[in-house]
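A.B. asks: One structure coming up, written as structure tokens, with questions to follow.
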Amino acid sequence: MKTILTISALTLLLSLGFFSLMNTASAQEARSAEDMDAIVKLDEIVQLSEHVYRHGQESNVFIVTSEGIIVVDGTCTPKGAQWFKEELDRRFGVPVKYVILSHDHESHICDTQVFSDTAMTVAHEKALPHIVREGRNSAVPQLLFDETMEIRLGGVRVVLYYFGSSHSDNLIQVHIPDEGVLTATDVVRAGKGIGLPDYRDSNVDGLIDVLTSLSQLENVDIVVPGHGPITDQSSFGYYRTYMIALRDRILDALAKDMTIEEILETVTMDDFSDYGNYDQWLRSNIISMWDNMYRVREPNADTKNMYDAQYPIGFPLGGDGQH
Ligand SMILES: [Zn+2]
């Protein structure tokens, strides 16, 4: 036994030494193994409740009933929409009857046209012009609604809500009230987190109002973000508190005539440093919030310098910009 342990320890030391000498190649291999694991999870199908499933962690939900399937986004994953379609057929043997588009952003709705042979595509009415104008690689919605819509299929009730302009002017949320599942695409991250990398294509006050509405919705046990692990309604409150503080601190700084460079130095949001994505997204959050507030407020008149005002077009945002 003693000999075996000694040999094992020696083997371990040699392995560690070898590993450090081969650091570049080994680190790359280790990273790619991790990446591969994450990529596999992006196509993992997990059941959340009796009829509701999730396809991957960068995705949304689908609802399986005896009369067919309702897919909410869920196609922009490594194996792709065609694989997803075939997998749904193999597992459940009923056709996709409805495809619901959470909003017009292509990273959520890509290739949804693969279901058009059996499914009607549903979206908020304001999503349609964006999808057409931008030439999105997606199904073109056929069923449009304004405030709310209800779909009943195979005895399952699915409610679609539009709470106004927030992240995009056409973001909707999908609720399966009898099973306590709510989608919250692009407005929240699991736990205590910053929900969005930046506020491009966002109405800041509308987004804060949506977070309030979602946090107060009844019959919600599971919240499914458009990105990352599932969570619960407490995450809406965390993000809302952060957003209000960020907005108000930047407004106060603008009222003191601070430049964006001064704001980046002084509005550090240290009291939110335990939020997920704080290190990664703070800079892009500050710059894009400043850009938003710059557009919605009128500074006091400075008649001497008013023609020297700088409009912030072209200021680098930083961050990964994906939402
Ligand atoms: Zn988005």
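Ordering of the structure tokens sets the chain letters (A, B, ...), residue numbers begin anew at 1 in every chain, and ligands are numbered from 1 in the order given.
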What do you get as a list in words if you pick all residues at most 8 Å from ligand 1, counting only C-alpha atoms and all ligand atoms?

C.D. replies: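 Residues lying within 8 Å of ligand 1: His103, Asp104, His105, Ser107, His108, His167, Ser168, Leu171, Thr185, Asp186, Gln322 and His323 of chain A.
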
A.B. asks: Okay, now the selection with N, CA and C atoms, as a PDB file, in the first residue's frame?

C.D. replies:
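Generated file (again-v5.pdb):
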```pdb
ATOM      1  N   HIS A 103     -38.899  38.552 -28.821  1.00  0.00           N
ATOM      2  CA  HIS A 103     -38.711  39.899 -29.372  1.00  0.00           C
ATOM      3  C   HIS A 103     -37.943  39.753 -30.678  1.00  0.00           C
ATOM      4  N   ASP A 104     -37.676  40.853 -31.347  1.00  0.00           N
ATOM      5  CA  ASP A 104     -37.158  40.721 -32.716  1.00  0.00           C
ATOM      6  C   ASP A 104     -35.651  40.454 -32.792  1.00  0.00           C
ATOM      7  N   HIS A 105     -34.941  40.436 -31.663  1.00  0.00           N
ATOM      8  CA  HIS A 105     -33.482  40.288 -31.720  1.00  0.00           C
ATOM      9  C   HIS A 105     -33.103  38.899 -32.245  1.00  0.00           C
ATOM     10  N   SER A 107     -30.570  36.964 -32.238  1.00  0.00           N
ATOM     11  CA  SER A 107     -29.873  35.944 -31.464  1.00  0.00           C
ATOM     12  C   SER A 107     -30.840  35.074 -30.660  1.00  0.00           C
ATOM     13  N   HIS A 108     -32.123  35.451 -30.623  1.00  0.00           N
ATOM     14  CA  HIS A 108     -33.119  34.638 -29.909  1.00  0.00           C
ATOM     15  C   HIS A 108     -34.064  33.898 -30.846  1.00  0.00           C
ATOM     16  N   HIS A 167     -36.906  46.401 -23.050  1.00  0.00           N
ATOM     17  CA  HIS A 167     -35.755  45.974 -23.826  1.00  0.00           C
ATOM     18  C   HIS A 167     -36.302  45.686 -25.224  1.00  0.00           C
ATOM     19  N   SER A 168     -36.051  46.574 -26.167  1.00  0.00           N
ATOM     20  CA  SER A 168     -36.729  46.667 -27.466  1.00  0.00           C
ATOM     21  C   SER A 168     -38.148  47.200 -27.243  1.00  0.00           C
ATOM     22  N   LEU A 171     -40.638  43.435 -26.762  1.00  0.00           N
ATOM     23  CA  LEU A 171     -40.380  42.273 -25.899  1.00  0.00           C
ATOM     24  C   LEU A 171     -41.664  41.819 -25.205  1.00  0.00           C
ATOM     25  N   THR A 185     -37.261  36.930 -20.883  1.00  0.00           N
ATOM     26  CA  THR A 185     -36.153  37.020 -21.824  1.00  0.00           C
ATOM     27  C   THR A 185     -35.438  38.356 -21.739  1.00  0.00           C
ATOM     28  N   ASP A 186     -34.128  38.293 -21.555  1.00  0.00           N
ATOM     29  CA  ASP A 186     -33.260  39.480 -21.616  1.00  0.00           C
ATOM     30  C   ASP A 186     -33.544  40.562 -20.577  1.00  0.00           C
ATOM     31  N   GLN A 322     -23.924  41.550 -26.437  1.00  0.00           N
ATOM     32  CA  GLN A 322     -24.883  40.523 -26.875  1.00  0.00           C
ATOM     33  C   GLN A 322     -26.134  40.544 -26.022  1.00  0.00           C
ATOM     34  N   HIS A 323     -27.267  40.740 -26.632  1.00  0.00           N
ATOM     35  CA  HIS A 323     -28.525  40.588 -25.905  1.00  0.00           C
ATOM     36  C   HIS A 323     -29.645  40.362 -26.871  1.00  0.00           C
TER      37      HIS A 323
END
```

A.B. asks: Would you mind writing down, as a VMD selection string, each residue of segment 109-306 of chain A that DSSP on the backbone assigns to helix (DSSP H, G or I)?

C.D. replies: chain A and resid 109 112 to 115 127 to 133 177 to 179 204 to 216 234 to 255 260 to 266 270 to 272 278 to 296 306

A.B. asks: Within 7 Å of Thr112 of chain A, counting only C-alpha atoms, which residues qualify if same-chain residues fewer than 2 places away don't, as a list of chain:residue names?

C.D. replies: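 Near neighbours after the sequence-gap exclusion: A:Thr75, A:Ala81, A:Ile109, A:Cys110, A:Val114, A:Phe115, A:Ser138, A:Ala139.
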
A.B. asks: Looking at only C-alpha atoms, which of A:Ser273, A:Asn292, A:Asn300, A:Ser234 is the one that sits closest to Lys256 of chain A?

C.D. replies: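 The shortest atom-to-atom distance to Lys256 of chain A comes from A:Asn300.
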
A.B. asks: Would you please work out which residue, of A:Val64, A:Leu160, A:Ile287, A:Leu207, is nearest to Phe145 of chain A when using only C-alpha atoms?

C.D. replies: A:Leu160

A.B. asks: Can you check which residues of segment 50-185 of chain A DSSP gives as strand (DSSP E) on the backbone and send them as a ChimeraX atom specification?

C.D. replies: /A:52-55,61-65,68-72,96-100,120-124,143-145,148-153,156-161,173-176,181-184

A.B. asks: Hey, which of A:Phe236, A:Phe92, A:Tyr161, A:Tyr275 ends up closest to Gly193 of chain A? Count only C-alpha atoms.

C.D. replies: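 Comparing A:Phe236, A:Phe92, A:Tyr161, A:Tyr275 against Gly193 of chain A, the winner is A:Tyr275.
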
A.B. asks: Tell me, counting only C-alpha atoms, for each residue of segment 96-177 of chain A within 9 Å of segment 49-63 of chain A, which pair of atoms is nearest and how far apart they are in Å to one decimal, in rows ordered by chain and increasing number, as a tab-separated table.

C.D. replies:
```
residue	atom	partner	partner_atom	distance
A:Ser102	CA	A:Asn60	CA	8.8
A:His108	CA	A:Ser59	CA	7.2
A:Val156	CA	A:His51	CA	7.9
A:Val158	CA	A:Ile63	CA	8.7
A:Ile176	CA	A:Val52	CA	8.2
```

A.B. asks: Find the residues near Ala119 of chain A: any atom within 7 Å, counting only C-alpha atoms, skip ones fewer than 4 places away on the same chain, and give them as a compact mmCIF listing (two decimals) with N, CA and C atoms, in the first residue's frame.

C.D. replies:
```
# COMPACT_ATOMS: atom_id res chain seq x y z
N VAL A 96 -45.05 20.84 -33.93
CA VAL A 96 -45.00 22.18 -33.34
C VAL A 96 -46.13 22.99 -33.96
N LYS A 97 -47.04 23.47 -33.12
CA LYS A 97 -48.22 24.20 -33.62
C LYS A 97 -48.04 25.71 -33.57
N TYR A 98 -47.28 26.19 -32.58
CA TYR A 98 -47.04 27.64 -32.45
C TYR A 98 -45.56 27.88 -32.17
N VAL A 99 -45.02 28.92 -32.80
CA VAL A 99 -43.69 29.43 -32.44
C VAL A 99 -43.90 30.85 -31.94
N PHE A 115 -39.97 25.66 -38.48
CA PHE A 115 -41.24 25.10 -37.99
C PHE A 115 -42.45 25.56 -38.81
```

A.B. asks: Please compute the atom CA of Ala127 of chain A-atom CA of Asp89 of chain A distance, one decimal, in Å.

C.D. replies: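 That distance, rounded to one decimal, is 28.2 Å.
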
A.B. asks: Closest to Asp205 of chain A among A:Glu262, A:Glu125, A:Asp271, A:Asp248, using only C-alpha atoms?

C.D. replies: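 Of the candidates, the smallest distance to Asp205 of chain A is held by A:Asp248.
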